[in-house]
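Text of run_4.txt, listed as compact mmCIF, C-alpha atoms and all ligand atoms:
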```txt
# COMPACT_ATOMS: atom_id res chain seq x y z
CA MET A 1 33.61 100.84 -84.65
CA ARG A 2 30.00 101.96 -84.62
CA ILE A 3 28.06 101.81 -81.35
CA ASP A 4 24.31 102.34 -81.09
CA VAL A 5 22.41 102.46 -77.83
CA VAL A 6 18.65 102.15 -77.45
CA SER A 7 17.19 103.30 -74.14
CA ILE A 8 14.20 105.11 -72.68
CA PHE A 9 16.75 107.29 -70.84
CA PRO A 10 19.13 108.48 -73.56
CA ASP A 11 20.46 111.23 -71.25
CA TYR A 12 22.32 108.54 -69.28
CA PHE A 13 24.84 108.43 -72.11
CA ALA A 14 25.90 112.09 -72.11
CA PRO A 15 29.10 111.28 -70.09
CA LEU A 16 30.36 109.20 -73.01
CA HIS A 17 31.36 112.50 -74.58
CA LEU A 18 33.89 113.09 -71.77
CA SER A 19 37.47 111.90 -71.37
CA LEU A 20 38.95 109.08 -73.47
CA VAL A 21 35.67 107.76 -74.88
CA GLY A 22 34.73 111.34 -75.80
CA LYS A 23 38.05 111.75 -77.63
CA ALA A 24 37.52 108.42 -79.41
CA ILE A 25 34.18 109.77 -80.63
CA SER A 26 35.47 113.20 -81.68
CA SER A 27 38.47 111.67 -83.47
CA GLY A 28 36.23 109.25 -85.39
CA ILE A 29 37.56 106.01 -83.85
CA VAL A 30 34.03 105.43 -82.56
CA GLU A 31 30.78 106.52 -84.15
CA LEU A 32 28.11 106.72 -81.43
CA GLY A 33 24.34 106.83 -81.90
CA VAL A 34 22.06 107.13 -78.86
CA HIS A 35 18.39 106.48 -79.59
CA ASP A 36 15.23 107.01 -77.52
CA LEU A 37 13.11 103.86 -77.70
CA ARG A 38 10.02 106.06 -77.30
CA GLY A 39 10.71 107.37 -80.81
CA TRP A 40 9.40 104.01 -82.06
CA THR A 41 6.10 104.17 -80.13
CA HIS A 42 2.86 105.35 -81.73
CA ASP A 43 0.50 106.11 -78.87
CA ARG A 44 -0.13 109.40 -77.13
CA HIS A 45 1.80 108.38 -74.02
CA ASN A 46 4.77 106.80 -75.86
CA THR A 47 4.22 103.57 -73.94
CA THR A 48 7.11 101.11 -73.83
CA ASP A 49 5.85 98.74 -71.10
CA ASP A 50 2.85 96.63 -70.24
CA THR A 51 1.70 94.15 -67.59
CA PRO A 52 3.27 90.68 -67.61
CA TYR A 53 1.36 87.71 -69.02
CA GLY A 54 0.89 85.22 -66.21
CA GLY A 55 0.57 88.01 -63.66
CA GLY A 56 3.03 89.11 -61.01
CA ALA A 57 4.69 92.32 -59.98
CA GLY A 58 6.29 94.84 -62.30
CA MET A 59 6.02 95.67 -65.98
CA VAL A 60 7.65 94.23 -69.10
CA MET A 61 9.00 96.14 -72.10
CA LYS A 62 6.71 95.75 -75.10
CA PRO A 63 8.13 94.03 -78.17
CA GLU A 64 6.77 96.36 -80.90
CA PRO A 65 8.98 99.44 -80.27
CA TRP A 66 12.04 97.17 -79.96
CA GLY A 67 11.24 95.47 -83.27
CA GLU A 68 10.92 98.81 -85.05
CA ALA A 69 14.07 100.15 -83.39
CA LEU A 70 16.16 97.18 -84.50
CA ASP A 71 14.78 97.33 -88.07
CA ALA A 72 15.64 101.05 -88.22
CA LEU A 73 19.15 100.51 -86.84
CA GLU A 74 19.79 97.78 -89.39
CA GLU A 75 18.94 100.28 -92.15
CA LEU A 76 21.32 102.86 -90.66
CA ASP A 77 24.58 101.05 -91.42
CA PRO A 78 25.43 97.96 -93.48
CA ALA A 79 27.92 96.55 -90.91
CA PRO A 80 26.64 93.39 -89.17
CA MET A 81 25.12 94.16 -85.78
CA THR A 82 26.17 92.46 -82.58
CA ILE A 83 23.33 93.05 -80.12
CA VAL A 84 24.50 93.43 -76.53
CA VAL A 85 21.69 92.83 -74.06
CA PRO A 86 22.56 93.71 -70.45
CA THR A 87 20.79 91.31 -68.09
CA PRO A 88 21.59 89.72 -64.72
CA ALA A 89 21.02 86.41 -66.54
CA GLY A 90 23.84 87.10 -69.02
CA ARG A 91 27.45 86.04 -69.46
CA PRO A 92 29.56 87.64 -66.72
CA PHE A 93 31.39 90.66 -68.15
CA THR A 94 35.15 90.18 -68.09
CA GLN A 95 38.21 91.69 -69.74
CA GLU A 96 38.20 88.70 -72.08
CA LEU A 97 34.66 89.54 -73.22
CA ALA A 98 35.66 93.22 -73.54
CA TYR A 99 38.40 92.17 -76.01
CA GLU A 100 35.88 89.99 -77.85
CA LEU A 101 33.46 92.89 -78.22
CA ALA A 102 36.26 95.29 -79.22
CA ALA A 103 36.86 93.10 -82.30
CA LYS A 104 33.28 93.61 -83.57
CA GLN A 105 32.41 96.11 -86.28
CA ARG A 106 29.17 97.28 -84.77
CA LEU A 107 27.63 96.99 -81.31
CA VAL A 108 24.00 97.73 -80.49
CA PHE A 109 23.13 98.00 -76.79
CA ALA A 110 19.51 97.18 -75.93
CA CYS A 111 18.83 98.70 -72.50
CA GLY A 112 16.04 96.98 -70.63
CA ARG A 113 14.02 98.58 -67.81
CA TYR A 114 11.27 97.33 -65.49
CA GLU A 115 11.35 93.49 -65.38
CA GLY A 116 13.18 93.41 -68.69
CA ILE A 117 12.36 93.11 -72.41
CA ASP A 118 9.70 90.71 -73.78
CA GLN A 119 11.62 87.47 -74.42
CA ARG A 120 10.38 87.32 -78.02
CA VAL A 121 12.57 90.32 -78.86
CA ILE A 122 15.67 88.43 -77.72
CA ASP A 123 14.55 85.30 -79.60
CA HIS A 124 13.98 87.40 -82.73
CA CYS A 125 17.45 88.94 -82.38
CA VAL A 126 19.09 85.53 -81.97
CA GLU A 127 17.55 84.51 -85.28
CA HIS A 128 18.67 87.64 -87.16
CA TYR A 129 21.84 88.93 -85.50
CA GLU A 130 24.66 87.92 -83.20
CA VAL A 131 23.41 88.39 -79.62
CA ILE A 132 25.50 88.55 -76.46
CA GLU A 133 23.63 88.78 -73.17
CA VAL A 134 25.95 90.33 -70.61
CA SER A 135 25.78 90.55 -66.84
CA LEU A 136 27.75 93.18 -64.96
CA GLY A 137 27.66 91.10 -61.79
CA ASP A 138 25.47 89.19 -59.42
CA TYR A 139 23.25 92.07 -58.39
CA VAL A 140 20.28 93.87 -59.91
CA LEU A 141 20.41 97.37 -61.41
CA ASN A 142 17.34 99.43 -62.32
CA GLY A 143 18.12 99.33 -66.02
CA GLY A 144 20.62 98.38 -68.68
CA GLU A 145 22.04 101.91 -68.99
CA VAL A 146 24.72 101.74 -66.28
CA ALA A 147 25.76 98.26 -67.43
CA SER A 148 26.01 99.51 -71.04
CA LEU A 149 28.12 102.49 -69.96
CA ALA A 150 30.56 100.17 -68.17
CA VAL A 151 30.79 97.79 -71.13
CA ILE A 152 31.22 100.63 -73.65
CA GLU A 153 34.03 102.21 -71.61
CA ALA A 154 35.85 98.89 -71.16
CA VAL A 155 35.53 98.11 -74.87
CA VAL A 156 36.39 101.52 -76.33
CA ARG A 157 39.63 101.83 -74.34
CA LEU A 158 40.84 98.66 -76.08
CA LEU A 159 40.40 100.09 -79.58
CA PRO A 160 43.66 101.02 -81.33
CA GLY A 161 44.51 104.70 -80.85
CA VAL A 162 42.34 105.30 -77.76
CA ILE A 163 44.94 104.79 -75.01
CA GLY A 164 48.10 106.83 -75.60
CA ASN A 165 50.51 104.08 -74.56
CA PRO A 166 49.08 100.68 -75.57
CA GLU A 167 51.65 98.97 -73.28
CA SER A 168 49.56 100.05 -70.29
CA LEU A 169 46.81 97.74 -71.55
CA THR A 170 49.00 94.63 -71.50
CA GLU A 171 50.25 95.23 -67.95
CA GLU A 172 46.99 95.97 -66.22
CA SER A 173 44.74 93.75 -64.10
CA HIS A 174 42.97 90.88 -65.85
CA SER A 175 44.95 91.26 -69.09
CA ALA A 176 46.44 88.18 -70.73
CA GLY A 177 49.83 89.96 -70.97
CA ASN A 178 49.83 90.09 -67.16
CA GLY A 179 48.91 86.40 -66.82
CA SER A 180 45.40 87.62 -65.92
CA LEU A 181 46.68 88.61 -62.47
CA LEU A 182 45.69 91.72 -60.55
CA GLU A 183 48.09 94.59 -61.11
CA TYR A 184 50.90 95.35 -58.64
CA PRO A 185 50.54 98.48 -56.44
CA ASN A 186 51.56 101.80 -58.03
CA TYR A 187 53.47 104.76 -56.54
CA THR A 188 54.43 108.25 -57.70
CA LYS A 189 56.30 111.25 -56.24
CA PRO A 190 57.05 112.28 -53.52
CA PRO A 191 59.26 109.42 -52.26
CA VAL A 192 57.94 109.91 -48.68
CA TRP A 193 54.35 110.94 -47.93
CA ARG A 194 53.04 111.21 -44.36
CA GLY A 195 55.93 109.05 -43.22
CA ARG A 196 55.16 106.31 -45.76
CA GLU A 197 58.05 105.45 -48.08
CA VAL A 198 57.91 104.21 -51.63
CA PRO A 199 59.38 100.64 -51.73
CA GLN A 200 63.17 101.06 -52.18
CA VAL A 201 63.33 98.69 -55.14
CA LEU A 202 61.25 101.12 -57.24
CA LEU A 203 63.91 103.81 -56.69
CA SER A 204 66.81 101.45 -57.51
CA GLY A 205 66.80 102.03 -61.28
CA ASN A 206 67.30 98.25 -61.72
CA HIS A 207 64.65 97.28 -64.27
CA GLY A 208 65.11 93.54 -63.68
CA LEU A 209 64.58 93.88 -59.93
CA VAL A 210 61.60 96.18 -60.44
CA ALA A 211 59.98 93.69 -62.84
CA LYS A 212 60.59 90.82 -60.39
CA TRP A 213 59.13 92.80 -57.45
CA ARG A 214 56.07 93.80 -59.45
CA ARG A 215 55.47 90.23 -60.53
CA GLU A 216 55.72 89.00 -56.93
CA GLN A 217 53.34 91.73 -55.76
CA ALA A 218 50.87 90.88 -58.52
CA VAL A 219 50.90 87.18 -57.57
CA GLU A 220 50.60 87.93 -53.84
CA ARG A 221 47.75 90.42 -54.33
CA THR A 222 45.91 87.96 -56.55
CA ARG A 223 46.48 85.10 -54.11
CA SER A 224 45.12 87.11 -51.16
CA ARG A 225 42.30 88.99 -52.89
CA ARG A 226 41.19 86.81 -55.81
CA PRO A 227 42.52 83.26 -55.43
CA ASP A 228 39.88 82.20 -57.99
CA LEU A 229 41.99 83.89 -60.68
CA LEU A 230 44.99 81.63 -60.02
CA ALA A 231 45.43 78.11 -61.32
CA PRO A 232 43.81 75.43 -59.09
CA ASP A 233 47.17 74.49 -57.52
CA GLY A 234 47.66 78.10 -56.38
CA ARG A 235 50.47 78.85 -58.86
CA ASP A 236 49.89 81.29 -61.72
N1 LIG B 301 13.61 91.07 -63.54
C1 LIG B 301 14.99 91.00 -63.85
C2 LIG B 301 15.63 89.81 -63.15
O1 LIG B 301 15.20 89.48 -62.05
O2 LIG B 301 16.59 89.24 -63.71
C3 LIG B 301 15.72 92.28 -63.43
C4 LIG B 301 15.29 93.46 -64.21
S1 LIG B 301 16.22 94.91 -63.84
C5 LIG B 301 15.24 95.68 -62.61
C6 LIG B 301 15.99 95.91 -65.25
C7 LIG B 301 17.08 95.86 -66.26
O3 LIG B 301 18.30 96.26 -65.68
C8 LIG B 301 17.38 94.51 -66.87
O4 LIG B 301 16.50 94.21 -67.92
C9 LIG B 301 18.79 94.73 -67.39
O5 LIG B 301 18.78 95.41 -68.62
C10 LIG B 301 19.39 95.67 -66.35
N2 LIG B 301 20.21 94.97 -65.35
C11 LIG B 301 19.92 94.78 -64.06
N3 LIG B 301 20.90 94.14 -63.41
C12 LIG B 301 21.87 93.92 -64.32
C13 LIG B 301 23.15 93.29 -64.26
N4 LIG B 301 23.61 92.74 -63.15
N5 LIG B 301 23.88 93.23 -65.39
C14 LIG B 301 23.41 93.77 -66.53
N6 LIG B 301 22.21 94.38 -66.65
C15 LIG B 301 21.45 94.46 -65.56
```

Full structure transcribed into structure tokens:
Amino acid sequence: MRIDVVSIFPDYFAPLHLSLVGKAISSGIVELGVHDLRGWTHDRHNTTDDTPYGGGAGMVMKPEPWGEALDALEELDPAPMTIVVPTPAGRPFTQELAYELAAKQRLVFACGRYEGIDQRVIDHCVEHYEVIEVSLGDYVLNGGEVASLAVIEAVVRLLPGVIGNPESLTEESHSAGNGSLLEYPNYTKPPVWRGREVPQVLLSGNHGLVAKWRREQAVERTRSRRPDLLAPDGRD
């Protein structure tokens, strides 16, 4: 997969070279390009924003640098671009959407700042490319960079070869293999820590009992913490 990011703060993306995403990049599973939007400005101050038509507080990202950036990125690689636009007005980001994005050949993240990007850029993209507007949650961040980082990490870990044991993907919270439940609680050694014991069933060596206990814990956790994830009648 190829991932391109356009931002006025390209340094935000340095941590992508760490840990599992970093390994995915160095092993060639992911090709990453981080681009400074200001590289597509032509004035002395590298201006990317201007006052909003209609008045009001804040600034809006100008369309011209975005247009040039997208044209240049299209030239860079023949794979069809899926433009991911982080915005509080987007589709809520879920594990299901992460899987959907992981199946794409090429993702381009357009990181807005200020009050966002001039709407005509989004309309232009919709006409020329696949566009997915994504919200990280019902709150407002300062820019699209942190949202893009979260989406990139969630997507890249789903690519074949990134996680050592792919089984861990099917068992974890929100995965279809787990009935989209929250994951059961996890324990490791020692068996007693500060007087707290690991549940006996996990030490029993009985795989059937362990699986049953984990399933019950997953259902109970989901019921108490996120009942919205269960079927309307309360059963999973
Ligand atoms: N004026 C916008 C509004 O009220 O919807 C908020 C703009 S916000 C200060 C600047 C940028 O941060 C947005 O263009 C978007 O790229 C990003 N952003 C903020 N909150 C976000 C969220 N919940 N999910 C995804 N991106 C977000």

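With only C-alpha atoms and all ligand atoms as the atoms that count, the residue of A:Val21, A:Val30, A:Leu136, A:Leu73 with the shortest distance to ligand LIG 301 (chain B) is A:Leu136.
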
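Distances here use only C-alpha atoms; by that measure, the residue among A:Asp138, A:Asp36, A:Asp49, A:Glu96 closest to Ile8 (chain A) is A:Asp36.
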
List every residue of chain A that has an atom at most 10 Å from any atom of ligand LIG 301 (chain B), giving for each one its closest atom pair and the distance in Å to one decimal, counting only C-alpha atoms and all ligand atoms, sorted by chain and then by ascending residue number, as a tab-separated table.
```
residue	atom	partner	partner_atom	distance
A:Ser7	CA	B:LIG301	O5	9.8
A:Ala57	CA	B:LIG301	N1	9.7
A:Gly58	CA	B:LIG301	N1	8.3
A:Met59	CA	B:LIG301	N1	9.2
A:Val60	CA	B:LIG301	N1	8.7
A:Met61	CA	B:LIG301	O4	8.8
A:Val84	CA	B:LIG301	O5	10.0
A:Val85	CA	B:LIG301	O5	6.7
A:Pro86	CA	B:LIG301	N6	3.9
A:Thr87	CA	B:LIG301	N6	3.7
A:Pro88	CA	B:LIG301	C13	3.9
A:Ala89	CA	B:LIG301	O2	6.0
A:Gly90	CA	B:LIG301	N5	7.1
A:Arg91	CA	B:LIG301	N5	9.0
A:Pro92	CA	B:LIG301	N5	8.1
A:Phe93	CA	B:LIG301	N5	8.4
A:Phe109	CA	B:LIG301	O5	9.6
A:Ala110	CA	B:LIG301	O5	7.6
A:Cys111	CA	B:LIG301	O5	5.1
A:Gly112	CA	B:LIG301	O5	3.7
A:Arg113	CA	B:LIG301	C6	4.2
A:Tyr114	CA	B:LIG301	C6	4.9
A:Glu115	CA	B:LIG301	N1	3.8
A:Gly116	CA	B:LIG301	O4	3.5
A:Ile117	CA	B:LIG301	O4	6.2
A:Asp118	CA	B:LIG301	O4	9.6
A:Glu133	CA	B:LIG301	C14	8.3
A:Val134	CA	B:LIG301	C14	5.9
A:Ser135	CA	B:LIG301	N5	3.6
A:Leu136	CA	B:LIG301	N5	3.9
A:Gly137	CA	B:LIG301	N4	4.6
A:Asp138	CA	B:LIG301	N4	5.5
A:Tyr139	CA	B:LIG301	N4	4.8
A:Val140	CA	B:LIG301	N3	3.6
A:Leu141	CA	B:LIG301	C11	3.7
A:Asn142	CA	B:LIG301	C5	4.3
A:Gly143	CA	B:LIG301	O3	3.1
A:Gly144	CA	B:LIG301	O5	3.5
A:Glu145	CA	B:LIG301	C10	7.3
A:Val146	CA	B:LIG301	N6	7.8
A:Ala147	CA	B:LIG301	C14	5.1
A:Ser148	CA	B:LIG301	N6	7.7
A:Ala150	CA	B:LIG301	C14	9.7
A:Val151	CA	B:LIG301	C14	9.6
```

Generate a file of the selected residues that holds C-alpha atoms, formatted as a PDB file, in the coordinates of the input.
```
ATOM      1  CA  SER A   7      17.190 103.300 -74.140  1.00  0.00           C
ATOM      2  CA  ALA A  57       4.690  92.320 -59.980  1.00  0.00           C
ATOM      3  CA  GLY A  58       6.290  94.840 -62.300  1.00  0.00           C
ATOM      4  CA  MET A  59       6.020  95.670 -65.980  1.00  0.00           C
ATOM      5  CA  VAL A  60       7.650  94.230 -69.100  1.00  0.00           C
ATOM      6  CA  MET A  61       9.000  96.140 -72.100  1.00  0.00           C
ATOM      7  CA  VAL A  84      24.500  93.430 -76.530  1.00  0.00           C
ATOM      8  CA  VAL A  85      21.690  92.830 -74.060  1.00  0.00           C
ATOM      9  CA  PRO A  86      22.560  93.710 -70.450  1.00  0.00           C
ATOM     10  CA  THR A  87      20.790  91.310 -68.090  1.00  0.00           C
ATOM     11  CA  PRO A  88      21.590  89.720 -64.720  1.00  0.00           C
ATOM     12  CA  ALA A  89      21.020  86.410 -66.540  1.00  0.00           C
ATOM     13  CA  GLY A  90      23.840  87.100 -69.020  1.00  0.00           C
ATOM     14  CA  ARG A  91      27.450  86.040 -69.460  1.00  0.00           C
ATOM     15  CA  PRO A  92      29.560  87.640 -66.720  1.00  0.00           C
ATOM     16  CA  PHE A  93      31.390  90.660 -68.150  1.00  0.00           C
ATOM     17  CA  PHE A 109      23.130  98.000 -76.790  1.00  0.00           C
ATOM     18  CA  ALA A 110      19.510  97.180 -75.930  1.00  0.00           C
ATOM     19  CA  CYS A 111      18.830  98.700 -72.500  1.00  0.00           C
ATOM     20  CA  GLY A 112      16.040  96.980 -70.630  1.00  0.00           C
ATOM     21  CA  ARG A 113      14.020  98.580 -67.810  1.00  0.00           C
ATOM     22  CA  TYR A 114      11.270  97.330 -65.490  1.00  0.00           C
ATOM     23  CA  GLU A 115      11.350  93.490 -65.380  1.00  0.00           C
ATOM     24  CA  GLY A 116      13.180  93.410 -68.690  1.00  0.00           C
ATOM     25  CA  ILE A 117      12.360  93.110 -72.410  1.00  0.00           C
ATOM     26  CA  ASP A 118       9.700  90.710 -73.780  1.00  0.00           C
ATOM     27  CA  GLU A 133      23.630  88.780 -73.170  1.00  0.00           C
ATOM     28  CA  VAL A 134      25.950  90.330 -70.610  1.00  0.00           C
ATOM     29  CA  SER A 135      25.780  90.550 -66.840  1.00  0.00           C
ATOM     30  CA  LEU A 136      27.750  93.180 -64.960  1.00  0.00           C
ATOM     31  CA  GLY A 137      27.660  91.100 -61.790  1.00  0.00           C
ATOM     32  CA  ASP A 138      25.470  89.190 -59.420  1.00  0.00           C
ATOM     33  CA  TYR A 139      23.250  92.070 -58.390  1.00  0.00           C
ATOM     34  CA  VAL A 140      20.280  93.870 -59.910  1.00  0.00           C
ATOM     35  CA  LEU A 141      20.410  97.370 -61.410  1.00  0.00           C
ATOM     36  CA  ASN A 142      17.340  99.430 -62.320  1.00  0.00           C
ATOM     37  CA  GLY A 143      18.120  99.330 -66.020  1.00  0.00           C
ATOM     38  CA  GLY A 144      20.620  98.380 -68.680  1.00  0.00           C
ATOM     39  CA  GLU A 145      22.040 101.910 -68.990  1.00  0.00           C
ATOM     40  CA  VAL A 146      24.720 101.740 -66.280  1.00  0.00           C
ATOM     41  CA  ALA A 147      25.760  98.260 -67.430  1.00  0.00           C
ATOM     42  CA  SER A 148      26.010  99.510 -71.040  1.00  0.00           C
ATOM     43  CA  ALA A 150      30.560 100.170 -68.170  1.00  0.00           C
ATOM     44  CA  VAL A 151      30.790  97.790 -71.130  1.00  0.00           C
TER      45      VAL A 151
END
```

#### Entry: Residue with smallest distance to Ser27 (chain A) - pool A:Val219, A:Leu76, A:Val162, A:Val192, counting only C-alpha atoms
A:Val162

### Leu230 (chain A) surroundings by only C-alpha atoms, 12 Å radius, close-in-sequence under 5 positions cut, as a PyMOL selection string
chain A and resi 174+179-182+218-225+235-236

### Task
Mind giving me the straight-line distance from CA of Ala79 (chain A) to CA of Val131 (chain A) in Å, one decimal?
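Computing the Euclidean distance for CA of Ala79 (chain A) and CA of Val131 (chain A) yields 14.6 Å.
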
Box centre and edge lengths (Å, one decimal), axis-aligned, region 132-144 of chain A plus 8 Å each side, as lines of an AutoDock Vina configuration file:
```
center_x = 22.5
center_y = 94.0
center_z = -67.4
size_x = 26.4
size_y = 26.9
size_z = 34.1
```

### Between CA of Glu74 (chain A) and CA of Val6 (chain A), distance in Å (one decimal)
12.8 Å

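Among A:Val34, A:Met81, A:Val121, A:Leu158, the residue with the shortest atom-to-atom distance to Glu100 (chain A), counting only C-alpha atoms, is A:Leu158.
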
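Nearest-residue note for Val126 (chain A): choosing from A:Ser19, A:His42, A:Gln217, A:Thr82, the minimum distance belongs to A:Thr82, counting all atoms listed in the file.
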
### Query
What would the list of residues within 12 Å of (37.5, 91.6, -83.4) (file frame) look like as number ranges by chain, if all atoms listed in the file are what count?
A: 1, 82, 96-107, 155, 158-160

### Task
Counting only C-alpha atoms, figure out which residue out of A:Thr48, A:Ala231, A:Gln95, A:Val198 gets nearest to Ala154 (chain A).
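Nearest to Ala154 (chain A): A:Gln95.
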